[in-house]
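Notes for the one structure printed next.
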Amino acid sequence: MLALLFAPENSLFVAAFVLMVLIGLVQFSGLVGHVDLDAHGEFGDLGALLTWLGLGRLPLMALLVVMLAIFALVGLVGQQLSHDLWGAFQPAWLAALVALAASVPMTAAAARVLAPWLPRDETTAIELDDLVGRRAAIVTGRASQGFPARARVEDHHGQAHYVMVEPNAPTEIFEEGEEVLLVRREAQAFRAIGSGAFRLPGLEG
């Protein structure tokens, strides 16, 4: 066993195992919480791959621990089999490539099995369209149709967003400090109505 662990051809697998243990200890101690990550939205095609791999089913750190564990286990077992069959370990680069190729689908399968028992990543990421129907306050500038001003709006998580706002009505003007209601989004700007038009309760989502 010691010959297996201390062989230079296996140093990458031992390092992966040690890193897995360290990440697990940090997670267990509560020093690292959930990661706010929308993989598919933030990373495009790479995000689709990460989603297939299991990101979203498992927290990011848990997924990393699983992949490191599988990579280390597959690599060490493979190297031991190589030594038993042919009397020598395979070169580190070759063993690592084989172990990585095997560990990716195995990680995806493990994520599906573990998902019901582990919490998912919590995210507060929202789409811009989710801000429609919320109240905003003009913070910079004077808004008229065609000339938007900067406004502050809070989402349903209580997080503040700064957006460009212009009146929905052509004759309306919003002054700095005025409260408005976002009624629709056009590209990167929002159309809004003035405070006098939304005094009825229940309009804000």
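Starting from 1 in every chain, residues are counted up; chains themselves are A, B, ... following the order of the structure tokens, and ligands are numbered from 1 as listed.
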**Study point:** Test item: residues at most 8 Å from segment 182-189 of chain A, only C-alpha atoms, excluding those fewer than 3 positions along its chain, as a list in words
**Key:** Asp129, Leu131, Val132, Gly133, Arg134, Arg135, Ala136, Pro148, Val163, Met164, Val165, Glu166, Ala192 and Ile193 of chain A
Env of Ala88 of chain A: 12 Å cut, atoms = only C-alpha atoms, seq-sep filter 4 positions within chain, self excluded. Answer as a compact mmCIF listing (two decimals) with all heavy atoms, in the first residue's frame.
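Here's the written file around-v9.txt:
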# COMPACT_ATOMS: atom_id res chain seq x y z
N ALA A 3 3.86 1.53 -1.08
CA ALA A 3 4.52 1.65 -2.39
C ALA A 3 3.57 2.28 -3.40
O ALA A 3 3.98 3.08 -4.25
CB ALA A 3 4.98 0.27 -2.86
N LEU A 4 2.30 1.93 -3.30
CA LEU A 4 1.30 2.52 -4.19
C LEU A 4 1.15 4.01 -3.95
O LEU A 4 1.12 4.82 -4.89
CB LEU A 4 -0.04 1.81 -3.99
CG LEU A 4 -1.24 2.36 -4.78
CD1 LEU A 4 -1.06 2.08 -6.26
CD2 LEU A 4 -2.54 1.75 -4.27
N ALA A 7 4.52 6.13 -4.78
CA ALA A 7 5.10 6.07 -6.13
C ALA A 7 4.90 7.41 -6.83
O ALA A 7 3.80 7.98 -6.79
CB ALA A 7 4.46 4.94 -6.92
N PRO A 8 5.93 7.92 -7.50
CA PRO A 8 5.77 9.23 -8.18
C PRO A 8 4.69 9.22 -9.25
O PRO A 8 4.07 10.25 -9.52
CB PRO A 8 7.16 9.47 -8.79
CG PRO A 8 7.85 8.15 -8.78
CD PRO A 8 7.29 7.38 -7.63
N GLU A 9 4.42 8.06 -9.84
CA GLU A 9 3.37 7.98 -10.86
C GLU A 9 1.97 8.23 -10.28
O GLU A 9 1.03 8.52 -11.01
CB GLU A 9 3.38 6.60 -11.54
CG GLU A 9 4.62 6.31 -12.35
CD GLU A 9 5.71 5.64 -11.50
OE1 GLU A 9 5.61 5.67 -10.26
OE2 GLU A 9 6.65 5.10 -12.10
N ASN A 10 1.86 8.10 -8.95
CA ASN A 10 0.56 8.21 -8.30
C ASN A 10 0.39 9.48 -7.48
O ASN A 10 -0.59 9.64 -6.76
CB ASN A 10 0.31 6.99 -7.40
CG ASN A 10 0.34 5.71 -8.18
OD1 ASN A 10 0.01 5.68 -9.36
ND2 ASN A 10 0.74 4.62 -7.54
N GLY A 78 -6.61 1.71 -10.61
CA GLY A 78 -6.08 1.41 -11.93
C GLY A 78 -4.58 1.17 -11.90
O GLY A 78 -4.07 0.24 -12.55
N GLN A 79 -3.86 1.99 -11.15
CA GLN A 79 -2.42 1.82 -11.05
C GLN A 79 -2.06 0.52 -10.33
O GLN A 79 -1.09 -0.15 -10.69
CB GLN A 79 -1.80 3.02 -10.33
CG GLN A 79 -1.76 4.30 -11.15
CD GLN A 79 -0.73 4.24 -12.26
OE1 GLN A 79 -0.78 3.38 -13.13
NE2 GLN A 79 0.23 5.17 -12.23
N GLN A 80 -2.83 0.15 -9.32
CA GLN A 80 -2.56 -1.11 -8.63
C GLN A 80 -2.81 -2.31 -9.55
O GLN A 80 -2.03 -3.26 -9.56
CB GLN A 80 -3.46 -1.22 -7.39
CG GLN A 80 -3.20 -2.46 -6.54
CD GLN A 80 -1.79 -2.49 -5.98
OE1 GLN A 80 -1.38 -1.58 -5.29
NE2 GLN A 80 -1.03 -3.55 -6.29
N LEU A 81 -3.88 -2.23 -10.34
CA LEU A 81 -4.15 -3.30 -11.31
C LEU A 81 -3.03 -3.39 -12.35
O LEU A 81 -2.61 -4.49 -12.74
CB LEU A 81 -5.49 -3.05 -12.00
CG LEU A 81 -6.74 -3.31 -11.17
CD1 LEU A 81 -7.99 -2.88 -11.94
CD2 LEU A 81 -6.84 -4.78 -10.78
N SER A 82 -2.55 -2.22 -12.80
CA SER A 82 -1.45 -2.20 -13.76
C SER A 82 -0.21 -2.86 -13.18
O SER A 82 0.48 -3.64 -13.85
CB SER A 82 -1.14 -0.76 -14.17
OG SER A 82 0.00 -0.70 -15.01
N HIS A 83 0.07 -2.55 -11.92
CA HIS A 83 1.25 -3.14 -11.26
C HIS A 83 1.09 -4.64 -11.10
O HIS A 83 2.04 -5.41 -11.28
CB HIS A 83 1.46 -2.46 -9.91
CG HIS A 83 2.76 -2.81 -9.26
ND1 HIS A 83 2.91 -3.94 -8.46
CD2 HIS A 83 3.98 -2.20 -9.30
CE1 HIS A 83 4.15 -4.00 -8.04
NE2 HIS A 83 4.83 -2.96 -8.52
N ASP A 84 -0.14 -5.07 -10.75
CA ASP A 84 -0.38 -6.50 -10.55
C ASP A 84 -0.29 -7.27 -11.87
O ASP A 84 0.19 -8.42 -11.90
CB ASP A 84 -1.75 -6.73 -9.93
CG ASP A 84 -1.83 -6.21 -8.49
OD1 ASP A 84 -0.76 -6.00 -7.89
OD2 ASP A 84 -2.96 -6.02 -8.01
N ALA A 92 2.42 8.78 -15.19
CA ALA A 92 1.45 9.62 -14.48
C ALA A 92 0.47 10.28 -15.44
O ALA A 92 -0.74 10.33 -15.17
CB ALA A 92 2.18 10.67 -13.65
Check your understanding: atom CA of Gly87 of chain A to atom CA of Ala102 of chain A: how many Å, to one decimal?
Key -> 22.6 Å
Point to revise | Secondary structure check, helix (DSSP H, G or I) residues of segment 51-119 of chain A, as a PyMOL selection string | key: chain A and resi 51-53+60-86+92-117
If you take only C-alpha atoms and a cut-off of 12 Å, which residues of segment 93-114 of chain A touch segment 15-22 of chain A, and what are their nearest atom pairs and distances in Å to one decimal, in chain and number order, as JSON lines?
{"residue": "A:Ala96", "atom": "CA", "partner": "A:Ala16", "partner_atom": "CA", "distance": 10.9}
{"residue": "A:Ala99", "atom": "CA", "partner": "A:Ala16", "partner_atom": "CA", "distance": 11.6}
{"residue": "A:Leu100", "atom": "CA", "partner": "A:Ala16", "partner_atom": "CA", "distance": 11.5}
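Of the listed residues (A:Asp130, A:Glu179, A:Pro105, A:Ala143), A:Asp130 comes nearest to Asp155 of chain A; the distances count only C-alpha atoms.
Using only C-alpha atoms, the nearest neighbour of Leu63 of chain A within the list A:Val180, A:Ala151, A:Ala108, A:Ala95 is A:Ala108.
Between atom CA of Thr140 of chain A and atom CA of Glu175 of chain A lies a distance of 8.8 Å.
Relative to atom CA of Ala137 of chain A, atom CA of Leu181 of chain A is found at 8.7 Å.
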Exercise for review: Considering only C-alpha atoms, state which residue in the set A:Leu114, A:Glu127, A:Val74, A:Ser103 is at the smallest distance from His156 of chain A.
Suggested key: A:Glu127
Review point. Restricting the calculation to only C-alpha atoms, which member of A:Arg152, A:Leu25, A:Asn168, A:Leu97 is positioned closest to Leu12 of chain A?
Key: A:Leu97
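All residues of protein, DNA or RNA that reach within 9 Å of Val14 of chain A, judged by only C-alpha atoms and not counting those fewer than 5 positions away in the chain, are Leu5, Phe6, Leu19, Ala72 and Leu76 of chain A.
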